[in-house]
$ cat start32.pdb   # PDB, C-alpha atoms, pLDDT in the B column
ATOM      1  CA  PHE A   5       0.000   0.000   0.000  1.00 41.00           C
ATOM      2  CA  GLU A   6       1.285   3.514  -0.859  1.00 43.00           C
ATOM      3  CA  ASN A   7       0.418   5.086   2.473  1.00 46.00           C
ATOM      4  CA  GLU A   8       2.365   3.217   5.143  1.00 45.00           C
ATOM      5  CA  THR A   9       0.379   4.920   7.917  1.00 42.00           C
ATOM      6  CA  ILE A  10      -2.847   3.266   6.811  1.00 46.00           C
ATOM      7  CA  SER A  11      -4.382   1.215   9.629  1.00 53.00           C
ATOM      8  CA  VAL A  12      -4.508  -2.564   9.685  1.00 48.00           C
ATOM      9  CA  HIS A  13      -8.268  -2.290   9.467  1.00 50.00           C
ATOM     10  CA  ASN A  14      -8.099  -0.200   6.292  1.00 54.00           C
ATOM     11  CA  GLN A  15      -5.515  -2.547   4.797  1.00 53.00           C
ATOM     12  CA  LEU A  16      -7.780  -5.537   5.368  1.00 51.00           C
ATOM     13  CA  THR A  17     -10.745  -3.630   3.967  1.00 49.00           C
ATOM     14  CA  GLU A  18      -8.765  -2.805   0.839  1.00 47.00           C
ATOM     15  CA  ILE A  19      -7.684  -6.448   0.487  1.00 49.00           C
ATOM     16  CA  LEU A  20     -11.297  -7.539   0.756  1.00 48.00           C
ATOM     17  CA  ARG A  21     -12.304  -5.029  -1.920  1.00 45.00           C
ATOM     18  CA  LEU A  22      -9.559  -6.216  -4.253  1.00 45.00           C
ATOM     19  CA  HIS A  23     -10.559  -9.826  -3.733  1.00 46.00           C
ATOM     20  CA  GLN A  24     -14.058  -9.020  -5.005  1.00 38.00           C
ATOM     21  CA  VAL A  25     -15.739 -11.343  -2.543  1.00 42.00           C
ATOM     22  CA  ALA A  26     -17.826 -13.712  -4.622  1.00 39.00           C
ATOM     23  CA  ASN A  27     -20.640 -14.056  -2.067  1.00 44.00           C
ATOM     24  CA  GLY A  28     -22.136 -11.808   0.577  1.00 46.00           C
ATOM     25  CA  TYR A  29     -21.645 -12.037   4.312  1.00 46.00           C
ATOM     26  CA  CYS A  30     -23.745 -11.165   7.325  1.00 44.00           C
ATOM     27  CA  LYS A  31     -23.516 -11.238  11.119  1.00 43.00           C
ATOM     28  CA  SER A  32     -25.154 -13.900  13.237  1.00 46.00           C
ATOM     29  CA  ASP A  33     -26.831 -13.085  16.554  1.00 43.00           C
ATOM     30  CA  ASP A  34     -23.569 -13.727  18.436  1.00 49.00           C
ATOM     31  CA  GLY A  35     -21.629 -11.330  16.226  1.00 46.00           C
ATOM     32  CA  GLU A  36     -19.893 -13.910  14.014  1.00 47.00           C
ATOM     33  CA  ILE A  37     -19.624 -13.251  10.304  1.00 43.00           C
ATOM     34  CA  LEU A  38     -21.398 -15.953   8.335  1.00 44.00           C
ATOM     35  CA  LYS A  39     -21.302 -16.575   4.618  1.00 43.00           C
ATOM     36  CA  VAL A  40     -24.650 -16.263   2.872  1.00 38.00           C
ATOM     37  CA  TYR A  41     -25.594 -16.540  -0.752  1.00 33.00           C
ATOM     38  CA  ALA A  42     -26.432 -12.915  -1.342  1.00 39.00           C
ATOM     39  CA  LYS A  43     -24.882  -9.913  -3.031  1.00 48.00           C
ATOM     40  CA  PRO A  44     -21.285  -9.079  -2.042  1.00 54.00           C
ATOM     41  CA  LEU A  45     -20.585  -6.489   0.621  1.00 57.00           C
ATOM     42  CA  THR A  46     -20.118  -3.000  -0.729  1.00 59.00           C
ATOM     43  CA  LEU A  47     -16.997  -1.000   0.080  1.00 56.00           C
ATOM     44  CA  ALA A  48     -19.087   1.175   2.413  1.00 63.00           C
ATOM     45  CA  GLU A  49     -20.334  -1.910   4.268  1.00 63.00           C
ATOM     46  CA  MET A  50     -16.838  -3.342   4.523  1.00 60.00           C
ATOM     47  CA  SER A  51     -15.468  -0.052   5.871  1.00 64.00           C
ATOM     48  CA  LYS A  52     -17.839  -0.393   8.849  1.00 67.00           C
ATOM     49  CA  LEU A  53     -16.341  -3.731   9.881  1.00 67.00           C
ATOM     50  CA  SER A  54     -14.115  -3.760  12.937  1.00 71.00           C
ATOM     51  CA  GLU A  55     -10.529  -4.992  12.594  1.00 69.00           C
ATOM     52  CA  LYS A  56     -11.566  -8.309  14.183  1.00 68.00           C
ATOM     53  CA  GLU A  57     -14.506  -8.705  11.797  1.00 72.00           C
ATOM     54  CA  ALA A  58     -12.418  -7.780   8.763  1.00 72.00           C
ATOM     55  CA  LYS A  59      -9.687 -10.219   9.759  1.00 72.00           C
ATOM     56  CA  GLU A  60     -12.213 -13.024  10.302  1.00 75.00           C
ATOM     57  CA  LEU A  61     -13.850 -12.292   6.961  1.00 77.00           C
ATOM     58  CA  PHE A  62     -10.529 -12.394   5.152  1.00 78.00           C
ATOM     59  CA  LEU A  63      -9.606 -15.550   7.106  1.00 83.00           C
ATOM     60  CA  LYS A  64     -12.673 -17.232   5.619  1.00 83.00           C
ATOM     61  CA  GLU A  65     -11.391 -16.356   2.149  1.00 82.00           C
ATOM     62  CA  ILE A  66      -8.009 -18.039   2.676  1.00 85.00           C
ATOM     63  CA  THR A  67      -9.266 -21.065   4.646  1.00 89.00           C
ATOM     64  CA  SER A  68     -12.328 -21.979   2.565  1.00 87.00           C
ATOM     65  CA  ASN A  69     -10.265 -24.481   0.533  1.00 89.00           C
ATOM     66  CA  LEU A  70      -8.177 -25.823   3.430  1.00 93.00           C
ATOM     67  CA  ASN A  71      -8.672 -28.962   5.514  1.00 96.00           C
ATOM     68  CA  ILE A  72      -7.926 -28.934   9.252  1.00 96.00           C
ATOM     69  CA  LEU A  73      -7.378 -31.786  11.701  1.00 97.00           C
ATOM     70  CA  TYR A  74      -8.532 -31.002  15.241  1.00 97.00           C
ATOM     71  CA  ALA A  75      -7.590 -33.294  18.149  1.00 97.00           C
ATOM     72  CA  GLU A  76      -9.207 -32.772  21.572  1.00 95.00           C
ATOM     73  CA  ASP A  77     -10.411 -35.297  24.156  1.00 93.00           C
ATOM     74  CA  GLU A  78     -12.693 -32.975  26.162  1.00 92.00           C
ATOM     75  CA  GLU A  79     -16.143 -33.215  24.578  1.00 91.00           C
ATOM     76  CA  THR A  80     -17.440 -29.792  25.672  1.00 89.00           C
ATOM     77  CA  LEU A  81     -14.401 -27.937  24.345  1.00 88.00           C
ATOM     78  CA  ARG A  82     -14.385 -30.066  21.213  1.00 91.00           C
ATOM     79  CA  ARG A  83     -18.025 -29.390  20.380  1.00 91.00           C
ATOM     80  CA  GLY A  84     -17.680 -25.609  20.595  1.00 89.00           C
ATOM     81  CA  MET A  85     -14.413 -25.503  18.670  1.00 92.00           C
ATOM     82  CA  VAL A  86     -15.744 -27.726  15.880  1.00 94.00           C
ATOM     83  CA  GLN A  87     -18.666 -25.353  15.303  1.00 90.00           C
ATOM     84  CA  THR A  88     -16.249 -22.455  14.867  1.00 89.00           C
ATOM     85  CA  LEU A  89     -13.834 -24.371  12.641  1.00 93.00           C
ATOM     86  CA  LYS A  90     -16.623 -25.593  10.355  1.00 92.00           C
ATOM     87  CA  ARG A  91     -17.497 -21.977   9.567  1.00 88.00           C
ATOM     88  CA  LEU A  92     -13.929 -21.371   8.439  1.00 90.00           C
ATOM     89  CA  PHE A  93     -12.523 -24.499   6.782  1.00 93.00           C
ATOM     90  CA  LYS A  94     -13.522 -26.675   3.865  1.00 93.00           C
ATOM     91  CA  ASN A  95     -13.318 -29.869   5.927  1.00 96.00           C
ATOM     92  CA  VAL A  96     -12.818 -30.397   9.670  1.00 96.00           C
ATOM     93  CA  TYR A  97     -11.531 -33.824  10.727  1.00 97.00           C
ATOM     94  CA  VAL A  98     -12.028 -34.449  14.447  1.00 97.00           C
ATOM     95  CA  ALA A  99     -10.012 -36.818  16.655  1.00 97.00           C
ATOM     96  CA  GLU A 100     -10.608 -37.638  20.312  1.00 95.00           C
ATOM     97  CA  ASP A 101      -6.995 -38.702  20.895  1.00 96.00           C
ATOM     98  CA  GLY A 102      -3.619 -38.775  19.175  1.00 96.00           C
ATOM     99  CA  TYR A 103      -4.128 -42.252  17.732  1.00 96.00           C
ATOM    100  CA  GLU A 104      -7.279 -41.161  15.902  1.00 97.00           C
ATOM    101  CA  GLY A 105      -5.447 -38.037  14.800  1.00 97.00           C
ATOM    102  CA  ILE A 106      -2.635 -40.035  13.192  1.00 97.00           C
ATOM    103  CA  GLU A 107      -5.100 -42.301  11.385  1.00 97.00           C
ATOM    104  CA  LEU A 108      -7.113 -39.339  10.102  1.00 97.00           C
ATOM    105  CA  TYR A 109      -3.930 -37.680   8.892  1.00 97.00           C
ATOM    106  CA  LYS A 110      -2.896 -40.803   6.989  1.00 96.00           C
ATOM    107  CA  ASN A 111      -6.272 -41.088   5.271  1.00 96.00           C
ATOM    108  CA  HIS A 112      -7.024 -37.460   4.400  1.00 96.00           C
ATOM    109  CA  ASP A 113      -5.394 -34.455   2.807  1.00 95.00           C
ATOM    110  CA  ILE A 114      -4.659 -32.306   5.875  1.00 96.00           C
ATOM    111  CA  ASP A 115      -3.373 -28.742   5.531  1.00 94.00           C
ATOM    112  CA  LEU A 116      -3.271 -27.692   9.201  1.00 95.00           C
ATOM    113  CA  ILE A 117      -3.384 -29.386  12.609  1.00 96.00           C
ATOM    114  CA  LEU A 118      -4.875 -27.958  15.814  1.00 96.00           C
ATOM    115  CA  THR A 119      -4.291 -30.203  18.821  1.00 95.00           C
ATOM    116  CA  ASP A 120      -4.472 -30.470  22.577  1.00 94.00           C
ATOM    117  CA  ILE A 121      -1.485 -31.897  24.492  1.00 91.00           C
ATOM    118  CA  ASN A 122      -2.998 -34.113  27.184  1.00 90.00           C
ATOM    119  CA  MET A 123      -5.059 -36.847  25.513  1.00 93.00           C
ATOM    120  CA  PRO A 124      -5.521 -40.575  26.198  1.00 92.00           C
ATOM    121  CA  ASN A 125      -3.774 -43.390  24.279  1.00 92.00           C
ATOM    122  CA  ILE A 126      -1.421 -41.113  22.326  1.00 94.00           C
ATOM    123  CA  ASN A 127      -0.971 -37.524  23.504  1.00 93.00           C
ATOM    124  CA  GLY A 128      -0.556 -34.443  21.340  1.00 93.00           C
ATOM    125  CA  ILE A 129       3.249 -34.428  21.448  1.00 92.00           C
ATOM    126  CA  GLU A 130       3.462 -38.083  20.421  1.00 95.00           C
ATOM    127  CA  MET A 131       0.981 -37.423  17.613  1.00 96.00           C
ATOM    128  CA  ILE A 132       3.053 -34.496  16.334  1.00 94.00           C
ATOM    129  CA  GLU A 133       6.215 -36.626  16.473  1.00 94.00           C
ATOM    130  CA  ALA A 134       4.504 -39.411  14.510  1.00 95.00           C
ATOM    131  CA  ILE A 135       3.146 -37.066  11.832  1.00 95.00           C
ATOM    132  CA  THR A 136       6.423 -35.172  11.396  1.00 93.00           C
ATOM    133  CA  ALA A 137       8.153 -38.545  10.956  1.00 94.00           C
ATOM    134  CA  LEU A 138       5.805 -39.318   8.054  1.00 93.00           C
ATOM    135  CA  GLU A 139       6.484 -36.143   6.080  1.00 89.00           C
ATOM    136  CA  GLU A 140       9.533 -34.305   4.822  1.00 88.00           C
ATOM    137  CA  PHE A 141       7.465 -31.119   5.011  1.00 88.00           C
ATOM    138  CA  PRO A 142       4.752 -31.664   7.659  1.00 91.00           C
ATOM    139  CA  PRO A 143       1.753 -29.329   7.939  1.00 93.00           C
ATOM    140  CA  PRO A 144       1.784 -26.429  10.415  1.00 93.00           C
ATOM    141  CA  PHE A 145       0.737 -27.187  13.990  1.00 94.00           C
ATOM    142  CA  ILE A 146      -1.156 -25.023  16.470  1.00 94.00           C
ATOM    143  CA  VAL A 147      -1.080 -26.434  20.003  1.00 93.00           C
ATOM    144  CA  LEU A 148      -3.652 -25.809  22.733  1.00 91.00           C
ATOM    145  CA  THR A 149      -1.870 -25.725  26.080  1.00 85.00           C
ATOM    146  CA  ALA A 150      -2.650 -25.125  29.755  1.00 80.00           C
ATOM    147  CA  HIS A 151      -0.525 -23.206  32.282  1.00 65.00           C
ATOM    148  CA  ASN A 152       0.735 -26.419  33.873  1.00 64.00           C
ATOM    149  CA  GLU A 153       2.029 -27.733  30.522  1.00 66.00           C
ATOM    150  CA  SER A 154       4.767 -25.124  30.064  1.00 67.00           C
ATOM    151  CA  ASP A 155       7.460 -27.802  30.542  1.00 73.00           C
ATOM    152  CA  PHE A 156       6.496 -29.184  27.141  1.00 78.00           C
ATOM    153  CA  LEU A 157       6.947 -25.900  25.264  1.00 77.00           C
ATOM    154  CA  LEU A 158      10.651 -26.288  24.422  1.00 76.00           C
ATOM    155  CA  GLN A 159      10.027 -29.828  23.161  1.00 80.00           C
ATOM    156  CA  LEU A 160       7.158 -28.590  20.987  1.00 82.00           C
ATOM    157  CA  ILE A 161       9.219 -25.686  19.633  1.00 82.00           C
ATOM    158  CA  ASN A 162      11.931 -28.158  18.650  1.00 82.00           C
ATOM    159  CA  LEU A 163       9.276 -30.164  16.827  1.00 83.00           C
ATOM    160  CA  GLY A 164       8.477 -27.096  14.728  1.00 83.00           C
ATOM    161  CA  VAL A 165       5.133 -26.112  16.273  1.00 88.00           C
ATOM    162  CA  ASP A 166       4.016 -22.823  14.733  1.00 82.00           C
ATOM    163  CA  LYS A 167       1.684 -21.343  17.372  1.00 88.00           C
ATOM    164  CA  PHE A 168       0.486 -21.917  20.928  1.00 89.00           C
ATOM    165  CA  LEU A 169      -2.949 -21.050  22.290  1.00 88.00           C
ATOM    166  CA  LEU A 170      -3.542 -20.917  26.028  1.00 86.00           C
ATOM    167  CA  LYS A 171      -6.623 -22.660  27.425  1.00 86.00           C
ATOM    168  CA  PRO A 172      -9.349 -21.558  27.781  1.00 86.00           C
ATOM    169  CA  VAL A 173      -9.011 -20.395  24.199  1.00 87.00           C
ATOM    170  CA  ASP A 174      -9.653 -16.718  23.554  1.00 86.00           C
ATOM    171  CA  ARG A 175     -11.600 -16.425  20.286  1.00 83.00           C
ATOM    172  CA  VAL A 176      -9.846 -13.245  19.129  1.00 83.00           C
ATOM    173  CA  LYS A 177      -6.392 -14.755  19.742  1.00 87.00           C
ATOM    174  CA  MET A 178      -7.433 -17.964  17.997  1.00 88.00           C
ATOM    175  CA  ILE A 179      -8.618 -16.057  14.902  1.00 87.00           C
ATOM    176  CA  ASP A 180      -5.377 -14.069  14.937  1.00 87.00           C
ATOM    177  CA  SER A 181      -3.244 -17.241  15.166  1.00 89.00           C
ATOM    178  CA  LEU A 182      -5.222 -18.986  12.426  1.00 91.00           C
ATOM    179  CA  TYR A 183      -4.950 -15.873  10.272  1.00 87.00           C
ATOM    180  CA  LYS A 184      -1.157 -15.704  10.609  1.00 88.00           C
ATOM    181  CA  VAL A 185      -0.554 -19.425  10.073  1.00 90.00           C
ATOM    182  CA  CYS A 186      -3.058 -19.789   7.231  1.00 89.00           C
ATOM    183  CA  SER A 187      -1.783 -16.686   5.449  1.00 86.00           C
ATOM    184  CA  VAL A 188       1.695 -18.232   5.254  1.00 87.00           C
ATOM    185  CA  LEU A 189       0.215 -21.601   4.318  1.00 86.00           C
ATOM    186  CA  ASN A 190      -1.958 -20.040   1.637  1.00 84.00           C
ATOM    187  CA  ASP A 191       1.057 -18.232   0.161  1.00 85.00           C
ATOM    188  CA  LYS A 192       2.984 -21.516   0.003  1.00 84.00           C
ATOM    189  CA  LEU A 193       0.057 -23.267  -1.684  1.00 80.00           C
ATOM    190  CA  LEU A 194      -0.269 -20.435  -4.215  1.00 82.00           C
ATOM    191  CA  ILE A 195       3.446 -20.684  -5.016  1.00 86.00           C
ATOM    192  CA  GLU A 196       3.174 -24.468  -5.391  1.00 83.00           C
ATOM    193  CA  GLN A 197       0.185 -24.051  -7.689  1.00 84.00           C
ATOM    194  CA  TYR A 198       2.079 -21.407  -9.667  1.00 84.00           C
ATOM    195  CA  HIS A 199       4.976 -23.800 -10.225  1.00 86.00           C
ATOM    196  CA  LYS A 200       2.567 -26.580 -11.193  1.00 87.00           C
ATOM    197  CA  ASP A 201       0.883 -24.270 -13.695  1.00 87.00           C
ATOM    198  CA  ILE A 202       4.272 -23.348 -15.168  1.00 90.00           C
ATOM    199  CA  GLU A 203       5.246 -27.028 -15.459  1.00 89.00           C
ATOM    200  CA  GLN A 204       1.925 -27.886 -17.106  1.00 89.00           C
ATOM    201  CA  ALA A 205       2.270 -24.945 -19.495  1.00 88.00           C
ATOM    202  CA  TYR A 206       5.812 -26.062 -20.370  1.00 89.00           C
ATOM    203  CA  GLU A 207       4.718 -29.663 -20.927  1.00 90.00           C
ATOM    204  CA  GLU A 208       1.837 -28.485 -23.112  1.00 90.00           C
ATOM    205  CA  SER A 209       4.237 -26.246 -25.036  1.00 90.00           C
ATOM    206  CA  GLU A 210       6.622 -29.144 -25.608  1.00 90.00           C
ATOM    207  CA  LYS A 211       3.731 -31.351 -26.692  1.00 90.00           C
ATOM    208  CA  GLN A 212       2.534 -28.781 -29.216  1.00 90.00           C
ATOM    209  CA  LYS A 213       6.128 -28.339 -30.419  1.00 90.00           C
ATOM    210  CA  ARG A 214       6.463 -32.095 -31.047  1.00 91.00           C
ATOM    211  CA  ILE A 215       3.116 -32.170 -32.858  1.00 91.00           C
ATOM    212  CA  LEU A 216       4.199 -29.260 -35.056  1.00 90.00           C
ATOM    213  CA  GLU A 217       7.587 -30.843 -35.809  1.00 89.00           C
ATOM    214  CA  ASN A 218       5.938 -34.124 -36.758  1.00 89.00           C
ATOM    215  CA  ARG A 219       3.444 -32.296 -38.936  1.00 89.00           C
ATOM    216  CA  LEU A 220       6.212 -30.388 -40.714  1.00 88.00           C
ATOM    217  CA  LYS A 221       8.098 -33.645 -41.297  1.00 89.00           C
ATOM    218  CA  GLN A 222       4.934 -35.208 -42.720  1.00 89.00           C
ATOM    219  CA  ILE A 223       4.365 -32.218 -45.017  1.00 88.00           C
ATOM    220  CA  ALA A 224       7.990 -32.368 -46.218  1.00 85.00           C
ATOM    221  CA  TYR A 225       7.710 -36.108 -46.849  1.00 85.00           C
ATOM    222  CA  GLU A 226       4.484 -35.750 -48.830  1.00 85.00           C
ATOM    223  CA  LYS A 227       5.919 -32.852 -50.847  1.00 83.00           C
ATOM    224  CA  ASN A 228       9.051 -34.836 -51.738  1.00 84.00           C
ATOM    225  CA  LYS A 229       6.917 -37.829 -52.647  1.00 79.00           C
ATOM    226  CA  GLN A 230       4.729 -35.727 -54.956  1.00 81.00           C
ATOM    227  CA  GLN A 231       7.815 -34.123 -56.526  1.00 80.00           C
ATOM    228  CA  SER A 232       9.372 -37.479 -57.287  1.00 78.00           C
ATOM    229  CA  GLN A 233       6.144 -38.662 -58.950  1.00 74.00           C
ATOM    230  CA  ILE A 234       5.898 -35.714 -61.374  1.00 73.00           C
ATOM    231  CA  GLU A 235       9.557 -35.581 -62.363  1.00 63.00           C
ATOM    232  CA  PRO A 236      10.146 -37.166 -65.860  1.00 61.00           C
ATOM    233  CA  LYS A 237      12.231 -40.298 -65.993  1.00 57.00           C
ATOM    234  CA  LYS A 238      15.686 -39.787 -67.471  1.00 56.00           C
ATOM    235  CA  THR A 239      16.370 -41.806 -70.643  1.00 55.00           C
ATOM    236  CA  VAL A 240      19.750 -43.383 -71.350  1.00 51.00           C
TER     237      VAL A 240
END
$ encode --input "start32.pdb" --output "structure tokens"
Amino acid sequence: FENETISVHNQLTEILRLHQVANGYCKSDDGEILKVYAKPLTLAEMSKLSEKEAKELFLKEITSNLNILYAEDEETLRRGMVQTLKRLFKNVYVAEDGYEGIELYKNHDIDLILTDINMPNINGIEMIEAITALEEFPPPFIVLTAHNESDFLLQLINLGVDKFLLKPVDRVKMIDSLYKVCSVLNDKLLIEQYHKDIEQAYEESEKQKRILENRLKQIAYEKNKQQSQIEPKKTV
């Protein structure tokens, strides 16, 4: 943006305008922004959004094609979090312990993992270790942690955990963490797609080049054949 003093809120509003949001949005009774199939928000409407609302709206734009794995053994916490995540992500895969989390990861295309630490059977740390062992480039991790679990933080940092959220989870901080992690993830996916598009374009170009070369060879062959047929035979 040209004006570096522009507020974060105005930056997000401008990003939303440039993205030309395909569908409209509205607020639910509890203040959450929900996607509805209506006309897009106007610039005037978007300018009235708070920074939190604008960030959540833009978060929906970058997470709508992402799949998240969420591991939590406490049913009450899990139920509330799942409702929030389903409003943001394409697919939400839910595990009640680390073992289920590993199996879900193996069987689905997971872009991001949100997990508790203390869980039965296999805990969150063991699950992260198992998943990172499966992949050269594992997905980003956001870990839900309690005050009494601070001893695990260094171990989790060494495992490459991207963000930590303190329980009970503050919604604003969660949206902010998801926004930061998913923005980086989305950029990586866009770059990967860009390289794939370039490779496909190159392969298509090479294919068309081979077709053209073969066609030119065929034309030259037919022309030489016709020339040889019309040339008079030399007499001795």
$ closest_residue --input "start32.pdb" --among "A:Gln222, A:Gln230, A:Thr119, A:Gln87" --to "Ala99 of chain A" --atoms "all atoms listed in the file"
A:Thr119
$ atom_distance --input "start32.pdb" --atom1 "atom CA of Phe145 of chain A" --atom2 "atom CA of Lys167 of chain A"
6.8 Å
$ atom_distance --input "start32.pdb" --atom1 "atom CA of Asp120 of chain A" --atom2 "atom CA of Gly84 of chain A"
14.2 Å
$ atom_distance --input "start32.pdb" --atom1 "atom CA of Val185 of chain A" --atom2 "atom CA of Lys171 of chain A"
18.7 Å
$ closest_residue --input "start32.pdb" --among "A:Asp201, A:Asp166, A:Glu79, A:Asp113" --to "Ile132 of chain A" --atoms "only C-alpha atoms"
A:Asp166
$ closest_residue --input "start32.pdb" --among "A:Val188, A:Ile179, A:Ile195, A:Ile202" --to "Ala58 of chain A" --atoms "all atoms listed in the file"
A:Ile179
$ residues_around --input "start32.pdb" --residues "Asn122 of chain A" --least-positions-apart "3" --cutoff "10 Å" --atoms "all atoms listed in the file" --output "number ranges by chain"
A: 76-78, 101-102, 119, 125-129, 148-150, 153
$ resolve_selection --input "start32.pdb" --expression "the PyMOL selection byres ((chain A and resi 173) around 10)" --output "PyMOL selection string"
chain A and resi 81+85+148-150+169-172+174-178
$ residues_near_point --input "start32.pdb" --point "(-4.3, -33.4, 9.1)" --cutoff "10 Å" --atoms "only C-alpha atoms" --output "ChimeraX atom specification"
/A:71-75,96-98,105-118,135,142-145
$ closest_residue --input "start32.pdb" --among "A:Leu138, A:Leu63, A:Leu160, A:Leu89" --to "Ile121 of chain A" --atoms "all atoms listed in the file"
A:Leu160
$ closest_residue --input "start32.pdb" --among "A:Glu133, A:Asn218, A:Val147, A:Glu100" --to "Arg83 of chain A" --atoms "all atoms listed in the file"
A:Glu100
$ closest_residue --input "start32.pdb" --among "A:Leu61, A:Phe156, A:Ile66, A:Arg82" --to "Cys186 of chain A" --atoms "all atoms listed in the file"
A:Ile66
